[in-house]
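Colleague: Mind having a look at this structure? Questions to follow.
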Amino acid sequence: MKTPVTVLGLGAMGTALARAFLAAGHPTTVWNRTPGRSPELDDLGATRATSVAEAVQAAPLVIACLLDYASVHTTLAPLDADTSLLRGKILVNLTNGTPAQARSTGEWAQRHGAQYLDGGIMAVPAMIGGPAAFVLYSGAPDAFERHQTTLAAIAKTTYVGSDPGLAALHDLALLSGMYGMFGGAAQALALVSSEKVSPTAFTAGLLIPWLTAMLGSITGIANDLEYGAEPGAAGSNLAMQAIGFVNLLDASVAQGVDPALLVPMGELLDRAVAEGHGDEDLAVTVRLLQEANQ
Ligand code: FVH
């Protein structure tokens, strides 16, 4: 028999996870704060628990996928009354949160005698169970090894380390990259849409090919950070970029488009130049961002 699984939370993502476990043949128990959500799961063979305590008792592998860590702690709070309920279980928390939240939830699980895996889902619900989805995991290595095959029912698994905070760190870093891309795309589309330019033709014919071509530069930035800049290698020096960047701001304003998303990047470029890095490349901006915390 396949490993039984419990899913806490039947929002869009929790429902997709439960469906994928059921499709892969795992006996699946579900619980949701609002009872009766996602009724289609009943026809697919899910068992509904009427309490969190009943839900966690039903399976060795307990998956939480809730709105945020506050809702995770509210949901798990009833288990504080009987610390034996989670003993020997593996709690896999796929809720989006910070490294610090993941670490303290890991400590909470440990106090309850459970092993803890934190996870970051790199997919939208429709991708779950499909080839492009992956989930980042960190935390108890032996628990991951033991249940990797079961977890693979929802998405490819990528283990990033035994510190439970590492999955959230990687997740938030990837989302930062994604929101930077979406913010840039929103600015680009607002600009072209201020004239009679087709957004779809612009996107397919120009924006996506341009962004795709530029993706390679990120590897150059990472190499620079890890191995140091090659002397004289800056093909697009920051002094030149800072001057050109002003045109992005001015044109946005002139076209009636809010430049707010661009302003911080312009300030970062100006700061890099002011601090004497005008002849260097974009890796400098990463170092300046890191310095903000020192
Ligand atoms: N959906 C997505 O595209 C992204 C993809 C990447 C990963 N995220 C994260 O997954 C977590 C769950 O997201 P979701 O899409 O399932 O979210 P909702 O559809 O809004 O469902 C929220 C569930 O959380 C329950 N809930 C909310 N507050 C509480 C609470 N105080 N106590 C107990 N449960 C709570 C809610 O229950 P209900 O409203 O039906 O009673 C839903 O089950 C999330 O971290 C994403 O960032 C998704």
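Residues in the structure tokens are named by chain (A, B, ... in the order shown) and by number from 1 within that chain; ligands are numbered from 1 in the order shown.
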Please run DSSP on the backbone and report, as a list in words, all residues within range 25-92 of chain A that come out as alpha helix (DSSP H).

Modeller: Glu40, Leu41, Asp42, Asp43, Val52, Ala53, Glu54, Ala55, Val56, Gln57, Tyr69, Ala70, Ser71, Val72, His73, Thr74, Thr75 and Leu76 of chain A

Colleague: Give me the residues near range 149-163 of chain A as a PyMOL selection string, where near means some atom within 10 Å (using only C-alpha atoms) and where sequence neighbours in that chain fewer than 5 positions away do not count.

Modeller: chain A and resi 2-5+16-26+61+63+92+99+102-103+106+116-123+127-142+144+168-170

Colleague: Could those residues be written to a file, using C-alpha atoms, as a compact mmCIF listing (two decimals), in the first residue's frame?

Modeller:
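Listed below is the output, part13.txt:
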# COMPACT_ATOMS: atom_id res chain seq x y z
CA LYS A 2 1.20 3.51 -0.75
CA THR A 3 2.05 5.81 2.15
CA PRO A 4 -1.06 7.45 3.59
CA VAL A 5 -0.96 11.24 3.51
CA ALA A 16 -4.32 20.44 -6.05
CA LEU A 17 -1.91 18.61 -3.72
CA ALA A 18 -4.67 16.31 -2.41
CA ARG A 19 -5.78 15.55 -5.98
CA ALA A 20 -2.22 14.63 -6.97
CA PHE A 21 -1.75 12.31 -3.97
CA LEU A 22 -5.09 10.65 -4.71
CA ALA A 23 -4.20 10.29 -8.40
CA ALA A 24 -0.95 8.58 -7.39
CA GLY A 25 -2.86 6.12 -5.21
CA HIS A 26 -2.02 7.47 -1.74
CA LEU A 61 3.08 12.20 6.55
CA ILE A 63 1.25 18.15 4.73
CA VAL A 92 5.79 18.91 5.82
CA PRO A 99 13.31 31.34 6.90
CA ALA A 102 10.27 27.92 9.05
CA ARG A 103 12.97 27.48 11.70
CA GLY A 106 10.67 23.23 12.93
CA TYR A 116 10.01 18.66 10.11
CA LEU A 117 10.40 19.46 6.45
CA ASP A 118 9.72 22.92 5.16
CA GLY A 119 8.89 23.41 1.52
CA GLY A 120 8.50 26.05 -1.14
CA ILE A 121 6.15 25.20 -3.97
CA MET A 122 7.48 26.48 -7.27
CA ALA A 123 4.28 26.04 -9.26
CA MET A 127 0.95 22.71 -12.61
CA ILE A 128 0.82 20.32 -9.63
CA GLY A 129 1.45 16.72 -10.71
CA GLY A 130 2.84 17.97 -14.04
CA PRO A 131 6.41 18.01 -15.39
CA ALA A 132 7.25 21.70 -14.80
CA ALA A 133 6.36 21.83 -11.11
CA PHE A 134 9.03 21.51 -8.44
CA VAL A 135 9.05 21.87 -4.69
CA LEU A 136 12.07 22.95 -2.65
CA TYR A 137 12.53 21.08 0.63
CA SER A 138 14.76 21.62 3.64
CA GLY A 139 14.89 20.07 7.08
CA ALA A 140 15.22 16.50 8.37
CA PRO A 141 17.34 14.69 5.73
CA ASP A 142 16.27 11.16 6.67
CA PHE A 144 13.12 13.59 3.10
CA ALA A 168 11.98 29.40 2.33
CA LEU A 169 15.17 31.33 1.56
CA HIS A 170 15.44 29.76 -1.89

Colleague: Which residues, written as a VMD selection string, have at least one atom at most 12 Å from Ala58 in chain A, with only C-alpha atoms counted and residues fewer than 6 positions away on the same chain left out?

Modeller: chain A and resid 3 to 8 27 to 31 46 to 52 85 to 86 89

Colleague: With N, CA and C atoms kept, could you save the residues just selected as a PDB file, in the first residue's frame?

Modeller:
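The resulting file, part-v7.pdb, is reproduced below:
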ATOM      1  N   THR A   3       2.049   5.073   0.885  1.00  0.00           N
ATOM      2  CA  THR A   3       2.052   5.814   2.151  1.00  0.00           C
ATOM      3  C   THR A   3       0.808   6.695   2.282  1.00  0.00           C
ATOM      4  N   PRO A   4       0.065   6.548   3.373  1.00  0.00           N
ATOM      5  CA  PRO A   4      -1.061   7.452   3.591  1.00  0.00           C
ATOM      6  C   PRO A   4      -0.572   8.880   3.867  1.00  0.00           C
ATOM      7  N   VAL A   5      -1.341   9.823   3.413  1.00  0.00           N
ATOM      8  CA  VAL A   5      -0.962  11.240   3.514  1.00  0.00           C
ATOM      9  C   VAL A   5      -2.144  12.028   4.068  1.00  0.00           C
ATOM     10  N   THR A   6      -1.818  13.029   4.898  1.00  0.00           N
ATOM     11  CA  THR A   6      -2.856  13.971   5.346  1.00  0.00           C
ATOM     12  C   THR A   6      -2.550  15.340   4.772  1.00  0.00           C
ATOM     13  N   VAL A   7      -3.553  16.010   4.267  1.00  0.00           N
ATOM     14  CA  VAL A   7      -3.377  17.379   3.764  1.00  0.00           C
ATOM     15  C   VAL A   7      -4.234  18.321   4.611  1.00  0.00           C
ATOM     16  N   LEU A   8      -3.566  19.276   5.256  1.00  0.00           N
ATOM     17  CA  LEU A   8      -4.263  20.295   6.040  1.00  0.00           C
ATOM     18  C   LEU A   8      -4.354  21.555   5.178  1.00  0.00           C
ATOM     19  N   PRO A  27      -3.609   6.839   0.010  1.00  0.00           N
ATOM     20  CA  PRO A  27      -4.784   7.105   0.851  1.00  0.00           C
ATOM     21  C   PRO A  27      -4.628   8.514   1.424  1.00  0.00           C
ATOM     22  N   THR A  28      -5.608   9.367   1.188  1.00  0.00           N
ATOM     23  CA  THR A  28      -5.435  10.792   1.504  1.00  0.00           C
ATOM     24  C   THR A  28      -6.552  11.283   2.406  1.00  0.00           C
ATOM     25  N   THR A  29      -6.143  11.791   3.570  1.00  0.00           N
ATOM     26  CA  THR A  29      -7.097  12.384   4.509  1.00  0.00           C
ATOM     27  C   THR A  29      -6.956  13.888   4.412  1.00  0.00           C
ATOM     28  N   VAL A  30      -8.074  14.594   4.396  1.00  0.00           N
ATOM     29  CA  VAL A  30      -8.012  16.046   4.246  1.00  0.00           C
ATOM     30  C   VAL A  30      -8.750  16.726   5.386  1.00  0.00           C
ATOM     31  N   TRP A  31      -8.282  17.924   5.694  1.00  0.00           N
ATOM     32  CA  TRP A  31      -8.963  18.761   6.687  1.00  0.00           C
ATOM     33  C   TRP A  31      -8.878  20.210   6.207  1.00  0.00           C
ATOM     34  N   ALA A  46     -10.987  10.899  -1.211  1.00  0.00           N
ATOM     35  CA  ALA A  46     -10.395  11.494  -0.006  1.00  0.00           C
ATOM     36  C   ALA A  46     -11.268  11.188   1.213  1.00  0.00           C
ATOM     37  N   THR A  47     -10.590  11.079   2.368  1.00  0.00           N
ATOM     38  CA  THR A  47     -11.297  10.923   3.640  1.00  0.00           C
ATOM     39  C   THR A  47     -11.280  12.278   4.336  1.00  0.00           C
ATOM     40  N   ARG A  48     -12.431  12.735   4.779  1.00  0.00           N
ATOM     41  CA  ARG A  48     -12.473  14.035   5.463  1.00  0.00           C
ATOM     42  C   ARG A  48     -12.362  13.838   6.966  1.00  0.00           C
ATOM     43  N   ALA A  49     -11.393  14.507   7.573  1.00  0.00           N
ATOM     44  CA  ALA A  49     -11.290  14.471   9.030  1.00  0.00           C
ATOM     45  C   ALA A  49     -12.107  15.628   9.588  1.00  0.00           C
ATOM     46  N   THR A  50     -12.676  15.410  10.752  1.00  0.00           N
ATOM     47  CA  THR A  50     -13.504  16.469  11.326  1.00  0.00           C
ATOM     48  C   THR A  50     -12.722  17.344  12.306  1.00  0.00           C
ATOM     49  N   SER A  51     -11.496  16.927  12.613  1.00  0.00           N
ATOM     50  CA  SER A  51     -10.653  17.771  13.460  1.00  0.00           C
ATOM     51  C   SER A  51      -9.204  17.609  13.016  1.00  0.00           C
ATOM     52  N   VAL A  52      -8.364  18.565  13.409  1.00  0.00           N
ATOM     53  CA  VAL A  52      -6.947  18.475  13.061  1.00  0.00           C
ATOM     54  C   VAL A  52      -6.328  17.259  13.742  1.00  0.00           C
ATOM     55  N   LEU A  85       0.204  13.456  19.840  1.00  0.00           N
ATOM     56  CA  LEU A  85      -0.477  13.294  18.545  1.00  0.00           C
ATOM     57  C   LEU A  85       0.470  13.355  17.350  1.00  0.00           C
ATOM     58  N   LEU A  86       1.488  14.181  17.455  1.00  0.00           N
ATOM     59  CA  LEU A  86       2.409  14.323  16.320  1.00  0.00           C
ATOM     60  C   LEU A  86       3.659  13.456  16.459  1.00  0.00           C
ATOM     61  N   LYS A  89       5.614  11.503  13.663  1.00  0.00           N
ATOM     62  CA  LYS A  89       5.104  11.917  12.339  1.00  0.00           C
ATOM     63  C   LYS A  89       6.124  12.791  11.638  1.00  0.00           C
TER      64      LYS A  89
END

Colleague: Compare A:Pro35, A:Pro209, A:Gly11, A:Pro259 by their minimum atom-to-atom distance to ligand 1, counting only C-alpha atoms and all ligand atoms, and give me the closest one.

Modeller: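 Of all the options, A:Gly11 lies closest to ligand 1.
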
Colleague: Give the residue list for ligand 1 at 9 Å, counting only C-alpha atoms and all ligand atoms, as an MDAnalysis selection string, sorted by chain and then by residue number.

Modeller: chainID A and resid 8:16 31:37 64:76 94:97 120:126

Colleague: With distances taken over only C-alpha atoms, which of A:Gly205, A:Gly266, A:Gly220, A:Pro164 is nearest to Ala100 in chain A?

Modeller: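 When distances to Ala100 in chain A are compared using only C-alpha atoms, the smallest one comes from A:Pro164.
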
Colleague: Can you work out which one of A:Arg111, A:His147, A:Arg271, A:Lys196 has the shortest atom-to-atom distance to Val284 in chain A, counting only C-alpha atoms?

Modeller: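 Smallest separation from Val284 in chain A among the options: A:Arg271.
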
Colleague: Just want the 12 Å neighbourhood of Gly113 in chain A, counted on only C-alpha atoms, with same-chain residues fewer than 4 positions away dropped. Output as a list in words.

Modeller: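 Here the qualifying residues turn out to be Leu79, Asp80, Asp82, Thr83, Ser84, Leu85, Leu86, Arg87, Gly88, Lys89, Ile90, Leu91, Gly106, Glu107, Trp108 and Ala109 of chain A.
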
Colleague: Using only C-alpha atoms, please write the residues we just selected to a file, as a compact mmCIF listing (two decimals), in the first residue's frame.

Modeller:
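Okay, this is what ended up in again07.txt:
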# COMPACT_ATOMS: atom_id res chain seq x y z
CA LEU A 79 -2.20 19.62 19.11
CA ASP A 80 -0.52 21.45 22.01
CA ASP A 82 -1.84 16.40 23.54
CA THR A 83 1.81 16.37 22.49
CA SER A 84 1.65 12.65 21.65
CA LEU A 85 -0.48 13.29 18.55
CA LEU A 86 2.41 14.32 16.32
CA ARG A 87 5.01 12.00 17.84
CA GLY A 88 6.84 10.02 15.15
CA LYS A 89 5.10 11.92 12.34
CA ILE A 90 6.67 13.97 9.62
CA LEU A 91 5.24 17.45 9.28
CA GLY A 106 10.67 23.23 12.93
CA GLU A 107 11.48 23.74 16.61
CA TRP A 108 7.77 23.53 17.47
CA ALA A 109 7.51 20.22 15.56

Colleague: Please identify all polymer residues within 8 Å of range 234-238 of chain A, counting only C-alpha atoms, omitting same-chain residues fewer than 3 positions from it, and present them as an mmCIF file with C-alpha atoms, in the first residue's frame.

Modeller:
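Final file, result_1.cif:
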data_model
loop_
_atom_site.group_PDB
_atom_site.id
_atom_site.type_symbol
_atom_site.label_atom_id
_atom_site.label_comp_id
_atom_site.auth_asym_id
_atom_site.auth_seq_id
_atom_site.Cartn_x
_atom_site.Cartn_y
_atom_site.Cartn_z
ATOM 1 C CA PRO A 231 39.316 42.977 -14.996
ATOM 2 C CA GLN A 241 23.537 52.408 -17.591
ATOM 3 C CA ALA A 242 22.783 55.074 -14.957
ATOM 4 C CA LEU A 269 22.648 52.564 -10.205
ATOM 5 C CA ALA A 272 26.939 52.534 -7.472
ATOM 6 C CA VAL A 273 28.347 55.283 -9.671
ATOM 7 C CA HIS A 277 31.783 51.675 -9.372
ATOM 8 C CA GLY A 278 30.869 53.374 -12.646
ATOM 9 C CA ASP A 279 33.238 51.216 -14.666
ATOM 10 C CA GLU A 280 31.940 47.953 -13.190
ATOM 11 C CA ASP A 281 29.022 45.674 -14.006
ATOM 12 C CA LEU A 282 25.655 44.838 -12.438
#

Colleague: To test your reading of the structure, identify every residue in range 21-229 of chain A that backbone DSSP assigns to strand (DSSP E), and report it as a ChimeraX atom specification.

Modeller: /A:28-31,47-48,61-64,90-93,115-122,134-139,156-159
